[in-house]
Amino acid sequence: MVIAGVIALCVVLAVLAFLLPRLSRHPERGTQRSLGMGARAGSKAPGLLGRLFSKPFHSSSRAVGKSGSAGRRARRKMPF
């Protein structure tokens, strides 16, 4: 369920970045901020558990950033 939500969010951000590149930065940063808060909360667990709990949030944040930049990159390559 959470994985599907992250995938849907990445698709929405990629489309938004393609259509409105400047306006896509604010939702992207907000999403990364909320995922960062989850990663920080998960990393407070001791030892190995802290790394395991924070890893999904870090990888989701990275995916959000990549999808936004991919949409903006595709927009730059268009001839219009």
# chains A, B, ... in the order shown; residues from 1 in each chain; ligands from 1
call {"tool": "residues_around", "arguments": {"residues": "Arg76 in chain A", "least_positions_apart": "3", "cutoff": "12 Å", "atoms": "only C-alpha atoms", "output": "number ranges by chain"}}
result
A: 17-21, 69-73, 79-80
call {"tool": "write_last_selection", "arguments": {"atoms": "N, CA and C atoms", "output": "PDB file, in the first residue's frame"}}
result
ATOM      1  N   ALA A  17       6.200  18.047 -13.160  1.00  0.00           N
ATOM      2  CA  ALA A  17       7.492  18.627 -13.540  1.00  0.00           C
ATOM      3  C   ALA A  17       7.584  18.799 -15.048  1.00  0.00           C
ATOM      4  N   PHE A  18       6.940  17.928 -15.805  1.00  0.00           N
ATOM      5  CA  PHE A  18       6.961  18.061 -17.257  1.00  0.00           C
ATOM      6  C   PHE A  18       6.080  19.224 -17.705  1.00  0.00           C
ATOM      7  N   LEU A  19       4.901  19.342 -17.088  1.00  0.00           N
ATOM      8  CA  LEU A  19       3.963  20.381 -17.516  1.00  0.00           C
ATOM      9  C   LEU A  19       4.311  21.754 -16.948  1.00  0.00           C
ATOM     10  N   LEU A  20       4.660  21.806 -15.678  1.00  0.00           N
ATOM     11  CA  LEU A  20       4.961  23.068 -14.999  1.00  0.00           C
ATOM     12  C   LEU A  20       6.262  22.929 -14.216  1.00  0.00           C
ATOM     13  N   PRO A  21       7.405  23.058 -14.875  1.00  0.00           N
ATOM     14  CA  PRO A  21       8.681  22.762 -14.212  1.00  0.00           C
ATOM     15  C   PRO A  21       8.955  23.602 -12.968  1.00  0.00           C
ATOM     16  N   SER A  69      13.211  15.434 -11.312  1.00  0.00           N
ATOM     17  CA  SER A  69      14.275  15.893 -12.209  1.00  0.00           C
ATOM     18  C   SER A  69      14.130  15.264 -13.594  1.00  0.00           C
ATOM     19  N   ALA A  70      13.625  14.039 -13.671  1.00  0.00           N
ATOM     20  CA  ALA A  70      13.419  13.400 -14.966  1.00  0.00           C
ATOM     21  C   ALA A  70      12.340  14.127 -15.767  1.00  0.00           C
ATOM     22  N   GLY A  71      11.286  14.564 -15.091  1.00  0.00           N
ATOM     23  CA  GLY A  71      10.241  15.318 -15.784  1.00  0.00           C
ATOM     24  C   GLY A  71      10.753  16.645 -16.301  1.00  0.00           C
ATOM     25  N   ARG A  72      11.549  17.340 -15.494  1.00  0.00           N
ATOM     26  CA  ARG A  72      12.112  18.614 -15.944  1.00  0.00           C
ATOM     27  C   ARG A  72      13.128  18.405 -17.056  1.00  0.00           C
ATOM     28  N   ARG A  73      13.903  17.329 -16.985  1.00  0.00           N
ATOM     29  CA  ARG A  73      14.883  17.021 -18.025  1.00  0.00           C
ATOM     30  C   ARG A  73      14.185  16.706 -19.348  1.00  0.00           C
ATOM     31  N   PRO A  79      11.148  20.227 -28.213  1.00  0.00           N
ATOM     32  CA  PRO A  79      11.499  21.325 -29.124  1.00  0.00           C
ATOM     33  C   PRO A  79      10.721  22.622 -28.890  1.00  0.00           C
ATOM     34  N   PHE A  80       9.708  22.616 -28.036  1.00  0.00           N
ATOM     35  CA  PHE A  80       8.921  23.850 -27.848  1.00  0.00           C
ATOM     36  C   PHE A  80       9.289  24.578 -26.635  1.00  0.00           C
TER      37      PHE A  80
END
call {"tool": "residues_around", "arguments": {"residues": "range 35-42 of chain A", "least_positions_apart": "2", "cutoff": "7 Å", "atoms": "only C-alpha atoms", "output": "list in words"}}
result
Thr31, Gln32, Arg33, Lys44, Ala45, Gly50, Phe53, Ser54, Phe57, His58 and Ser61 of chain A
call {"tool": "write_last_selection", "arguments": {"atoms": "N, CA, C and O atoms", "output": "CSV table (one decimal), in the first residue's frame"}}
result
chain,number,residue,atom,x,y,z
A,31,THR,N,7.4,17.0,-0.2
A,31,THR,CA,7.4,15.5,-0.1
A,31,THR,C,8.7,15.0,0.5
A,31,THR,O,8.7,14.2,1.4
A,32,GLN,N,9.8,15.6,0.0
A,32,GLN,CA,11.1,15.2,0.5
A,32,GLN,C,11.2,15.6,2.0
A,32,GLN,O,11.8,14.8,2.8
A,33,ARG,N,10.7,16.7,2.4
A,33,ARG,CA,10.7,17.1,3.8
A,33,ARG,C,10.0,16.1,4.7
A,33,ARG,O,10.4,15.7,5.8
A,44,LYS,N,16.1,6.9,14.9
A,44,LYS,CA,16.3,7.0,16.4
A,44,LYS,C,16.2,5.7,17.1
A,44,LYS,O,16.6,5.6,18.3
A,45,ALA,N,15.8,4.6,16.4
A,45,ALA,CA,15.9,3.3,16.9
A,45,ALA,C,17.4,2.9,17.1
A,45,ALA,O,18.2,3.3,16.3
A,50,GLY,N,17.7,1.1,13.6
A,50,GLY,CA,17.6,2.5,13.1
A,50,GLY,C,17.9,2.6,11.6
A,50,GLY,O,17.2,3.3,10.9
A,53,PHE,N,14.9,0.9,9.7
A,53,PHE,CA,13.6,1.7,9.8
A,53,PHE,C,13.7,3.0,8.9
A,53,PHE,O,12.7,3.4,8.4
A,54,SER,N,14.9,3.6,8.8
A,54,SER,CA,15.0,4.8,8.0
A,54,SER,C,15.3,4.6,6.5
A,54,SER,O,15.1,5.5,5.7
A,57,PHE,N,12.5,5.3,3.9
A,57,PHE,CA,12.2,6.7,3.7
A,57,PHE,C,13.3,7.4,2.9
A,57,PHE,O,13.0,8.3,2.0
A,58,HIS,N,14.5,7.0,3.0
A,58,HIS,CA,15.6,7.6,2.2
A,58,HIS,C,15.5,7.2,0.8
A,58,HIS,O,15.6,8.0,-0.1
A,61,SER,N,12.6,9.1,-0.8
A,61,SER,CA,12.9,10.5,-1.0
A,61,SER,C,13.8,10.6,-2.3
A,61,SER,O,13.6,11.5,-3.1
call {"tool": "atom_distance", "arguments": {"atom1": "CA of His26 in chain A", "atom2": "CA of Ala63 in chain A"}}
result
15.9 Å
call {"tool": "closest_residue", "arguments": {"among": "A:Leu52, A:Val12, A:Ala4, A:Met78", "to": "Ser24 in chain A", "atoms": "only C-alpha atoms"}}
result
A:Val12
call {"tool": "atom_distance", "arguments": {"atom1": "CA of Glu28 in chain A", "atom2": "CA of Ser43 in chain A"}}
result
22.2 Å
call {"tool": "atom_distance", "arguments": {"atom1": "CA of Ala14 in chain A", "atom2": "CA of Ala74 in chain A"}}
result
9.4 Å
